[in-house]
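Trainee: TSV, C-alpha atoms (C1' of nucleotides), file model-v8.tsv:
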```tsv
chain	number	residue	atom	x	y	z
A	13	MET	CA	63.07	148.10	85.66
A	14	LEU	CA	63.75	151.78	85.24
A	15	ARG	CA	64.45	151.80	88.91
A	16	LEU	CA	65.98	154.54	90.97
A	17	THR	CA	68.86	153.43	93.14
A	18	LYS	CA	68.34	153.11	96.85
A	19	LYS	CA	70.78	155.94	97.34
A	20	ALA	CA	68.56	158.28	95.38
A	21	ASP	CA	65.58	157.14	97.42
A	22	TYR	CA	67.50	157.78	100.60
A	23	GLY	CA	68.53	161.20	99.39
A	24	LEU	CA	64.97	162.16	98.56
A	25	MET	CA	63.75	160.89	101.89
A	26	ALA	CA	66.42	162.83	103.74
A	27	LEU	CA	65.65	166.07	101.93
A	28	LYS	CA	61.98	165.56	102.58
A	29	TYR	CA	62.76	165.06	106.25
A	30	LEU	CA	64.78	168.25	106.35
A	31	ALA	CA	61.96	170.11	104.65
A	32	GLU	CA	59.59	168.84	107.28
A	33	HIS	CA	61.74	170.24	110.07
A	34	PRO	CA	62.44	173.82	109.05
A	35	GLU	CA	62.67	175.00	112.64
A	36	THR	CA	65.84	173.09	113.47
A	37	PRO	CA	69.00	174.81	112.24
A	38	ALA	CA	70.65	171.53	111.27
A	39	LEU	CA	70.09	167.79	111.49
A	40	SER	CA	72.92	165.30	111.63
A	41	ALA	CA	73.15	162.41	109.21
A	42	LYS	CA	72.54	160.08	112.11
A	43	ASP	CA	69.34	161.86	113.08
A	44	VAL	CA	67.88	161.35	109.64
A	45	ALA	CA	69.22	157.83	109.32
A	46	ASP	CA	67.63	156.80	112.60
A	47	ALA	CA	64.33	158.35	111.61
A	48	TYR	CA	64.07	156.08	108.58
A	49	GLY	CA	66.22	153.11	109.53
A	50	ILE	CA	68.80	153.92	106.89
A	51	PRO	CA	72.46	152.92	107.41
A	52	ALA	CA	73.96	156.05	108.91
A	53	GLN	CA	77.32	155.97	107.18
A	54	LEU	CA	75.75	155.41	103.82
A	55	LEU	CA	73.37	158.29	104.27
A	56	ALA	CA	76.27	160.45	105.41
A	57	LYS	CA	78.02	159.90	102.11
A	58	ILE	CA	74.86	160.71	100.22
A	59	LEU	CA	74.36	163.93	102.13
A	60	GLN	CA	77.96	164.86	101.53
A	61	ARG	CA	77.40	164.45	97.85
A	62	LEU	CA	74.32	166.61	97.99
A	63	THR	CA	76.34	169.20	99.86
A	64	LYS	CA	79.02	169.20	97.19
A	65	THR	CA	76.43	169.82	94.51
A	66	GLY	CA	75.02	172.74	96.46
A	67	LEU	CA	71.67	171.34	97.48
A	68	LEU	CA	72.61	171.21	101.16
A	69	ARG	CA	74.67	173.26	103.56
A	70	SER	CA	76.74	171.43	106.11
A	71	HIS	CA	78.05	172.49	109.44
A	72	ALA	CA	80.64	170.54	111.43
A	73	GLY	CA	81.04	170.37	115.17
A	74	MET	CA	78.61	169.97	118.00
A	75	ASN	CA	74.99	170.53	117.03
A	76	GLY	CA	76.16	170.57	113.46
A	77	GLY	CA	74.58	168.73	110.60
A	78	TYR	CA	72.86	169.47	107.35
A	79	ALA	CA	70.28	171.97	106.25
A	80	LEU	CA	68.63	172.74	102.93
A	81	ALA	CA	70.61	175.27	100.95
A	82	ARG	CA	67.47	176.63	99.32
A	83	ASP	CA	63.77	176.79	99.83
A	84	PRO	CA	62.35	173.28	99.44
A	85	ARG	CA	60.16	174.63	96.67
A	86	GLN	CA	63.29	175.44	94.71
A	87	ILE	CA	64.82	171.99	94.90
A	88	SER	CA	63.56	169.50	92.35
A	89	ALA	CA	63.60	165.74	92.58
A	90	PHE	CA	65.53	165.80	89.33
A	91	GLU	CA	68.43	167.67	90.88
A	92	VAL	CA	68.61	165.25	93.76
A	93	ILE	CA	68.56	162.19	91.56
A	94	ARG	CA	71.12	163.57	89.18
A	95	ALA	CA	73.40	164.56	92.02
A	96	ILE	CA	73.33	161.05	93.44
A	97	ASP	CA	72.86	158.75	90.47
A	98	GLY	CA	74.52	160.85	87.82
A	99	PRO	CA	73.05	162.08	84.56
A	100	LEU	CA	69.74	160.64	83.44
A	101	PHE	CA	69.87	158.44	80.36
A	102	ILE	CA	67.12	156.06	79.53
A	103	THR	CA	69.01	154.49	76.66
A	104	SER	CA	71.84	152.27	77.78
A	105	CYS	CA	73.84	153.03	74.66
A	106	THR	CA	74.36	156.71	75.30
A	107	LYS	CA	77.04	157.09	77.89
A	108	GLY	CA	77.92	160.68	78.53
A	109	THR	CA	79.32	162.33	75.43
A	110	LYS	CA	80.02	159.39	73.16
A	111	ALA	CA	77.10	157.68	71.49
A	112	CYS	CA	76.35	154.11	70.56
A	113	GLU	CA	79.73	153.22	69.14
A	114	LEU	CA	78.90	149.54	68.88
A	115	THR	CA	75.76	149.97	66.87
A	116	PRO	CA	75.95	152.96	64.58
A	117	SER	CA	72.60	152.02	63.11
A	118	CYS	CA	70.86	152.34	66.46
A	119	THR	CA	68.00	154.57	65.39
A	120	ILE	CA	66.10	153.57	68.47
A	121	LYS	CA	67.75	155.99	70.80
A	122	GLU	CA	66.63	159.13	69.01
A	123	PRO	CA	62.93	158.67	69.80
A	124	LEU	CA	63.77	157.38	73.25
A	125	ALA	CA	65.67	160.56	73.92
A	126	ARG	CA	62.29	162.30	73.79
A	127	VAL	CA	61.01	159.98	76.45
A	128	ASN	CA	64.09	160.82	78.42
A	129	GLU	CA	63.34	164.53	78.21
A	130	THR	CA	59.79	163.92	79.29
A	131	ILE	CA	60.82	161.97	82.35
A	132	ALA	CA	63.35	164.62	83.23
A	133	GLY	CA	60.66	167.26	82.86
A	134	VAL	CA	58.33	165.47	85.20
A	135	LEU	CA	61.04	164.99	87.79
A	136	LYS	CA	62.04	168.63	87.46
A	137	SER	CA	58.48	169.69	88.17
A	138	ILE	CA	58.37	167.88	91.49
A	139	SER	CA	59.95	169.75	94.36
A	140	ILE	CA	61.04	168.56	97.76
A	141	GLN	CA	58.19	170.61	99.14
A	142	ASP	CA	55.80	168.53	97.07
A	143	LEU	CA	57.19	165.40	98.62
A	144	ALA	CA	56.73	166.81	102.09
A	145	GLU	CA	53.06	167.52	101.39
A	146	GLN	CA	52.40	164.40	99.43
A	147	GLU	CA	48.76	165.13	98.73
A	148	HIS	CA	49.70	167.88	96.33
A	149	ALA	CA	52.33	165.96	94.48
A	150	ALA	CA	49.84	164.19	92.24
A	151	GLY	CA	48.42	167.46	91.02
A	152	LYS	CA	51.87	168.83	90.38
A	153	ALA	CA	52.77	165.81	88.33
A	154	ARG	CA	49.67	166.30	86.24
A	155	GLU	CA	50.46	169.93	85.57
A	156	ALA	CA	53.92	168.96	84.47
A	157	HIS	CA	52.66	167.32	81.33
A	158	GLY	CA	51.39	170.51	79.93
A	159	LEU	CA	54.65	172.23	80.65
A	160	VAL	CA	56.79	169.56	79.14
A	161	ALA	CA	54.58	169.30	76.11
A	162	LEU	CA	55.43	172.87	75.19
A	163	THR	CA	59.13	172.12	74.84
A	164	PRO	CA	59.62	169.78	71.91
B	269	MET	CA	70.49	156.41	85.98
B	270	LEU	CA	67.00	155.31	85.13
B	271	ARG	CA	68.53	153.33	82.36
B	272	LEU	CA	66.89	150.69	80.25
B	273	THR	CA	68.79	147.44	80.07
B	274	LYS	CA	70.60	146.58	76.90
B	275	LYS	CA	68.25	143.66	76.46
B	276	ALA	CA	65.30	146.01	76.30
B	277	ASP	CA	67.16	148.15	73.79
B	278	TYR	CA	67.88	145.09	71.71
B	279	GLY	CA	64.28	144.03	71.89
B	280	LEU	CA	63.03	147.40	70.73
B	281	MET	CA	65.55	147.48	67.93
B	282	ALA	CA	64.54	144.03	66.79
B	283	LEU	CA	60.84	144.82	66.76
B	284	LYS	CA	61.53	148.01	64.89
B	285	TYR	CA	63.50	146.02	62.35
B	286	LEU	CA	60.64	143.58	61.94
B	287	ALA	CA	58.23	146.46	61.49
B	288	GLU	CA	60.45	147.84	58.76
B	289	HIS	CA	60.31	144.58	56.84
B	290	PRO	CA	56.64	143.71	56.65
B	291	GLU	CA	57.03	141.94	53.32
B	292	THR	CA	59.14	139.09	54.66
B	293	PRO	CA	57.09	136.38	56.38
B	294	ALA	CA	59.69	135.83	59.08
B	295	LEU	CA	63.20	136.92	60.01
B	296	SER	CA	65.55	134.74	62.00
B	297	ALA	CA	67.20	135.94	65.16
B	298	LYS	CA	70.51	135.82	63.35
B	299	ASP	CA	69.25	138.06	60.57
B	300	VAL	CA	68.31	140.77	63.00
B	301	ALA	CA	71.40	140.28	65.12
B	302	ASP	CA	73.66	140.68	62.13
B	303	ALA	CA	71.83	143.80	61.02
B	304	TYR	CA	72.66	145.55	64.27
B	305	GLY	CA	75.77	143.76	65.47
B	306	ILE	CA	73.98	142.25	68.42
B	307	PRO	CA	75.14	138.89	69.85
B	308	ALA	CA	72.90	136.43	68.07
B	309	GLN	CA	72.28	134.03	70.92
B	310	LEU	CA	71.42	136.81	73.29
B	311	LEU	CA	68.95	138.30	70.87
B	312	ALA	CA	67.46	134.86	70.34
B	313	LYS	CA	66.65	134.59	74.01
B	314	ILE	CA	65.10	138.03	73.98
B	315	LEU	CA	62.94	137.21	71.01
B	316	GLN	CA	61.89	133.97	72.66
B	317	ARG	CA	60.75	135.95	75.65
B	318	LEU	CA	58.79	138.32	73.45
B	319	THR	CA	57.22	135.33	71.78
B	320	LYS	CA	56.15	133.89	75.10
B	321	THR	CA	54.48	137.15	76.04
B	322	GLY	CA	52.60	137.17	72.78
B	323	LEU	CA	54.27	140.08	71.02
B	324	LEU	CA	55.89	137.88	68.40
B	325	ARG	CA	55.03	134.73	66.52
B	326	SER	CA	57.77	132.23	65.94
B	327	HIS	CA	58.22	129.57	63.36
B	328	ALA	CA	60.88	126.90	63.50
B	329	GLY	CA	62.57	125.17	60.61
B	330	MET	CA	63.92	126.39	57.32
B	331	ASN	CA	62.90	129.92	56.39
B	332	GLY	CA	61.50	130.18	59.88
B	333	GLY	CA	62.05	132.99	62.30
B	334	TYR	CA	60.03	135.65	64.02
B	335	ALA	CA	57.26	137.96	62.94
B	336	LEU	CA	55.19	140.56	64.73
B	337	ALA	CA	52.08	139.05	66.27
B	338	ARG	CA	50.14	142.30	65.82
B	339	ASP	CA	50.18	145.44	63.79
B	340	PRO	CA	53.24	147.49	64.81
B	341	ARG	CA	50.85	150.30	65.71
B	342	GLN	CA	49.32	148.04	68.34
B	343	ILE	CA	52.57	147.18	70.09
B	344	SER	CA	53.79	149.74	72.59
B	345	ALA	CA	57.31	150.28	73.81
B	346	PHE	CA	55.94	149.73	77.29
B	347	GLU	CA	54.88	146.19	76.52
B	348	VAL	CA	58.26	145.37	75.09
B	349	ILE	CA	60.16	146.78	78.01
B	350	ARG	CA	57.95	145.11	80.56
B	351	ALA	CA	58.23	141.79	78.78
B	352	ILE	CA	62.01	141.93	78.88
B	353	ASP	CA	62.89	143.90	81.99
B	354	GLY	CA	59.90	143.00	84.09
B	355	PRO	CA	57.44	145.35	85.74
B	356	LEU	CA	58.24	149.03	85.82
B	357	PHE	CA	58.97	150.44	89.24
B	358	ILE	CA	60.78	153.68	89.69
B	359	THR	CA	61.05	153.29	93.44
B	360	SER	CA	63.55	150.68	94.52
B	361	CYS	CA	61.55	149.90	97.64
B	362	THR	CA	58.48	148.52	95.91
B	363	LYS	CA	59.22	145.05	94.68
B	364	GLY	CA	56.20	143.42	93.20
B	365	THR	CA	53.44	142.97	95.71
B	366	LYS	CA	55.17	143.69	98.99
B	367	ALA	CA	56.02	147.28	99.83
B	368	CYS	CA	58.88	148.92	101.63
B	369	GLU	CA	59.11	146.52	104.53
B	370	LEU	CA	62.34	148.00	105.80
B	371	THR	CA	61.11	151.55	106.04
B	372	PRO	CA	57.44	151.68	106.87
B	373	SER	CA	57.66	155.45	107.09
B	374	CYS	CA	58.74	155.76	103.44
B	375	THR	CA	56.26	158.37	102.34
B	376	ILE	CA	58.44	159.13	99.37
B	377	LYS	CA	57.21	156.34	97.22
B	378	GLU	CA	53.62	157.48	97.06
B	379	PRO	CA	54.33	160.63	95.06
B	380	LEU	CA	56.95	158.82	93.02
B	381	ALA	CA	54.34	156.28	92.05
B	382	ARG	CA	52.69	159.10	90.10
B	383	VAL	CA	55.91	159.68	88.26
B	384	ASN	CA	55.97	155.99	87.58
B	385	GLU	CA	52.51	156.11	86.05
B	386	THR	CA	53.50	159.04	83.92
B	387	ILE	CA	56.53	157.30	82.54
B	388	ALA	CA	54.48	154.19	81.87
B	389	GLY	CA	51.93	156.34	80.09
B	390	VAL	CA	54.50	157.88	77.83
B	391	LEU	CA	56.00	154.53	76.99
B	392	LYS	CA	52.57	153.11	76.31
B	393	SER	CA	51.89	155.90	73.87
B	394	ILE	CA	54.89	155.04	71.73
B	395	SER	CA	54.38	152.21	69.32
B	396	ILE	CA	56.84	150.14	67.40
B	397	GLN	CA	55.51	151.85	64.32
B	398	ASP	CA	56.56	155.17	65.78
B	399	LEU	CA	60.08	153.88	66.24
B	400	ALA	CA	60.19	152.74	62.65
B	401	GLU	CA	59.23	156.19	61.41
B	402	GLN	CA	61.32	158.09	63.91
B	403	GLU	CA	60.40	161.53	62.64
B	404	HIS	CA	56.89	161.15	63.96
B	405	ALA	CA	57.87	159.79	67.34
B	406	ALA	CA	58.55	163.23	68.77
B	407	GLY	CA	55.06	164.39	67.99
B	408	LYS	CA	53.56	161.26	69.45
B	409	ALA	CA	55.49	161.75	72.64
B	410	ARG	CA	54.16	165.25	72.89
B	411	GLU	CA	50.57	164.14	72.42
B	412	ALA	CA	51.04	161.57	75.13
B	413	HIS	CA	51.26	164.20	77.82
B	414	GLY	CA	47.77	165.33	77.27
B	415	LEU	CA	46.48	161.79	77.36
B	416	VAL	CA	48.32	160.88	80.50
B	417	ALA	CA	47.27	164.07	82.18
B	418	LEU	CA	43.66	163.00	81.95
B	419	THR	CA	44.25	159.88	84.02
B	420	PRO	CA	45.12	160.88	87.58
C	4	DG	C1'	91.51	169.56	124.45
C	5	DA	C1'	87.82	166.46	124.01
C	6	DA	C1'	83.62	165.27	121.97
C	7	DA	C1'	80.51	165.68	118.11
C	8	DG	C1'	80.08	166.04	113.80
C	9	DC	C1'	81.39	166.36	108.71
C	10	DC	C1'	84.74	164.70	104.84
C	11	DC	C1'	86.65	161.21	101.90
C	12	DG	C1'	88.82	157.28	99.84
C	13	DA	C1'	89.15	152.31	99.73
C	14	DC	C1'	87.11	148.11	99.80
C	15	DA	C1'	84.21	143.88	100.28
C	16	DG	C1'	79.80	141.40	99.67
C	17	DA	C1'	75.74	141.05	96.96
C	18	DA	C1'	72.88	141.53	93.17
C	19	DT	C1'	72.12	142.25	88.58
C	20	DC	C1'	73.45	142.24	83.77
C	21	DG	C1'	75.54	140.65	79.52
C	22	DG	C1'	76.79	137.04	77.06
C	23	DT	C1'	78.04	132.02	76.04
C	24	DC	C1'	77.41	127.04	75.75
C	25	DG	C1'	75.10	122.85	75.23
C	26	DT	C1'	71.24	120.35	74.33
C	27	DA	C1'	66.59	119.35	73.02
C	28	DT	C1'	62.84	120.16	69.87
C	29	DA	C1'	60.30	121.53	65.66
C	30	DC	C1'	59.90	122.17	60.92
C	31	DT	C1'	61.25	122.06	55.92
C	32	DA	C1'	63.18	120.32	51.88
C	33	DA	C1'	65.31	117.05	49.21
D	287	DT	C1'	64.14	109.27	55.89
D	288	DT	C1'	67.65	112.24	56.54
D	289	DA	C1'	70.08	116.49	56.69
D	290	DG	C1'	69.89	121.14	57.67
D	291	DT	C1'	67.89	125.21	59.68
D	292	DA	C1'	65.88	127.44	63.25
D	293	DT	C1'	63.55	128.00	67.74
D	294	DA	C1'	63.32	126.69	73.01
D	295	DC	C1'	65.38	126.42	77.30
D	296	DG	C1'	68.33	125.95	81.17
D	297	DA	C1'	72.84	126.37	83.28
D	298	DC	C1'	76.68	129.02	83.85
D	299	DC	C1'	80.35	132.61	84.17
D	300	DG	C1'	82.62	137.10	83.87
D	301	DA	C1'	81.80	141.99	84.40
D	302	DT	C1'	79.63	145.67	86.19
D	303	DT	C1'	77.10	148.09	89.44
D	304	DC	C1'	75.06	148.71	93.83
D	305	DT	C1'	75.00	148.65	98.85
D	306	DG	C1'	77.11	149.06	102.86
D	307	DT	C1'	81.30	149.19	106.00
D	308	DC	C1'	85.79	150.59	107.73
D	309	DG	C1'	89.32	153.68	108.67
D	310	DG	C1'	91.53	157.86	109.11
D	311	DG	C1'	91.44	163.00	108.89
D	312	DC	C1'	89.50	167.63	109.50
D	313	DT	C1'	86.34	171.29	111.70
D	314	DT	C1'	83.61	173.33	115.18
D	315	DT	C1'	81.72	173.80	119.70
D	316	DC	C1'	81.80	173.34	124.56
```
What do you get writing this file as structure tokens?

Mentor:
Amino acid sequence: MLRLTKKADYGLMALKYLAEHPETPALSAKDVADAYGIPAQLLAKILQRLTKTGLLRSHAGMNGGYALARDPRQISAFEVIRAIDGPLFITSCTKGTKACELTPSCTIKEPLARVNETIAGVLKSISIQDLAEQEHAAGKAREAHGLVALTP
Amino acid sequence: MLRLTKKADYGLMALKYLAEHPETPALSAKDVADAYGIPAQLLAKILQRLTKTGLLRSHAGMNGGYALARDPRQISAFEVIRAIDGPLFITSCTKGTKACELTPSCTIKEPLARVNETIAGVLKSISIQDLAEQEHAAGKAREAHGLVALTP
DNA sequence: GAAAGCCCGACAGAATCGGTCGTATACTAA
DNA sequence: TTAGTATACGACCGATTCTGTCGGGCTTTC
């Protein structure tokens, strides 16, 4: 449980791949899809979504494709996941603006909202760059705790 | 995304309810279901599952029902969620023992496994008792970061 | 103008989730 | 002993979500 969707995985993998190839001006959806064995059309839609949210820049035509809109250090895993999977809610009762209408006495979700914030904080602290150099990611994740702990 | 299932929510709510009524020897599934407006039969199945994993003790017959098997301080949210929703995996590629067979080059999941551990750590640090006294839960969650940070 | 690529909506198959039903079993009380 | 209460468990179905595909349209480069 608590699983990311495959789409989010694909998106993270694609951004990581782009970060690993900074020399090329743009990579097509098919290029990335072939590199990982991901369905090309599905990845295309994911990349389009990431483009619409401003994480990628797209370029049509020959030798077109996608490129990171920002430095990979400035793109967090959280942004990618939210762009693809939508807002992050650990509690199934909170859906967007309206809360737990079925169970008004659901006092569970208040403490779980803290957990939610923590998870979001950890994901925010991990950048695409970290994924590209995976050795450092563990350290980053550890640092994150301190940071998150300061924001109650 | 990253949502708990409703069953897990129900389970947490039920355990919290049991923790709030330590004086009664046992509460039936229906009692708890009525208190929160949860479908009684569904909650019954959830509580049966929690019984099988050793978090609850059940007693059939008149005045029977369920009771916490341990002190509410000794039952973590993590245990409850895992009992109901199964093992916690943030990456959709890792399913139990076998890893990412489709994409052997999926280097994404290694750093995300750290995130996974962090989330598990936070959930482990929150007890049913904390849920019952929700004011304190926030503080507990904050402490958790330090603890988790020490276990790379 | 043709090929390579992005853009986008619709849709179908699959998996999971939420919830119900029926039945069997265990325990208590009268 | 019998009736009533409650758990235990498996089968099942409708709904939702996820994954992936198809088709057509638009943009840029050669």

Trainee: Residues of chain B within 8 Å of chain C: nearest atom pair and distance (Å, one decimal) for each, counting only C-alpha atoms (C1' of nucleotides), sorted by chain and number, as CSV?

Mentor:
```
residue,atom,partner,partner_atom,distance
B:Thr273,CA,C:DC20,C1',7.9
B:Pro307,CA,C:DG22,C1',7.6
B:Gln309,CA,C:DT23,C1',8.0
B:Leu310,CA,C:DG22,C1',6.6
B:His327,CA,C:DC30,C1',8.0
B:Ala328,CA,C:DC30,C1',5.5
B:Gly329,CA,C:DC30,C1',4.0
B:Met330,CA,C:DT31,C1',5.3
```

Trainee: If I take atom CA of A:Asp97 and atom CA of A:Lys19, how far is one from the other in Å, to one decimal?

Mentor: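 That distance, rounded to one decimal, is 7.7 Å.
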
Trainee: In Å to one decimal, how far is atom CA of A:Ser137 from atom CA of A:Leu59?

Mentor: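 A separation of 21.9 Å between them.
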
Trainee: Select, as a list in words, those residues of chain B with any atom no more than 12 Å from chain D (distances computed using all atoms listed in the file).

Mentor: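 Contact residues on the first chain: Met269, Ala294, Leu295, Ser296, Ala297, Lys298, Asp299, Gln309, Ala312, Lys313, Ile314, Leu315, Gln316, Arg317, Thr319, Lys320, Arg325, Ser326, His327, Ala328, Gly329, Met330, Asn331, Gly332, Gly333, Tyr334 and Ser360 of chain B.
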
Trainee: Taking all atoms listed in the file into account, which of B:Gly279, B:Gly322, B:Gly305, B:Gly389 comes nearest chain A?

Mentor: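 Result for the nearest residue to chain A: B:Gly305.
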
Trainee: Complete the atom set of stretch 25-37 of chain A to N, CA, C and O atoms and return it as a compact mmCIF listing (two decimals), keeping the file's coordinate frame.

Mentor:
```
# COMPACT_ATOMS: atom_id res chain seq x y z
N MET A 25 64.37 161.00 100.57
CA MET A 25 63.75 160.89 101.89
C MET A 25 64.41 161.87 102.87
O MET A 25 63.71 162.51 103.68
N ALA A 26 65.71 161.95 102.80
CA ALA A 26 66.42 162.83 103.74
C ALA A 26 66.05 164.29 103.49
O ALA A 26 65.77 165.04 104.44
N LEU A 27 66.01 164.68 102.23
CA LEU A 27 65.65 166.07 101.93
C LEU A 27 64.22 166.35 102.36
O LEU A 27 63.92 167.43 102.89
N LYS A 28 63.36 165.41 102.13
CA LYS A 28 61.98 165.56 102.58
C LYS A 28 61.95 165.76 104.09
O LYS A 28 61.25 166.64 104.61
N TYR A 29 62.73 164.97 104.80
CA TYR A 29 62.76 165.06 106.25
C TYR A 29 63.26 166.43 106.70
O TYR A 29 62.71 167.03 107.63
N LEU A 30 64.27 166.91 106.01
CA LEU A 30 64.78 168.25 106.35
C LEU A 30 63.72 169.31 106.08
O LEU A 30 63.56 170.26 106.85
N ALA A 31 63.00 169.13 104.98
CA ALA A 31 61.96 170.11 104.65
C ALA A 31 60.83 170.09 105.69
O ALA A 31 60.17 171.11 105.92
N GLU A 32 60.65 168.94 106.28
CA GLU A 32 59.59 168.84 107.28
C GLU A 32 59.99 169.41 108.64
O GLU A 32 59.16 169.53 109.54
N HIS A 33 61.27 169.69 108.81
CA HIS A 33 61.74 170.24 110.07
C HIS A 33 62.49 171.55 109.83
O HIS A 33 63.69 171.63 110.05
N PRO A 34 61.78 172.55 109.39
CA PRO A 34 62.44 173.82 109.05
C PRO A 34 62.90 174.58 110.30
O PRO A 34 63.76 175.46 110.20
N GLU A 35 62.33 174.25 111.43
CA GLU A 35 62.67 175.00 112.64
C GLU A 35 64.08 174.69 113.14
O GLU A 35 64.77 175.56 113.68
N THR A 36 64.51 173.44 112.97
CA THR A 36 65.84 173.09 113.47
C THR A 36 66.91 173.62 112.53
O THR A 36 66.78 173.48 111.31
N PRO A 37 67.97 174.22 113.08
CA PRO A 37 69.00 174.81 112.24
C PRO A 37 69.76 173.77 111.42
O PRO A 37 70.16 174.03 110.29
```
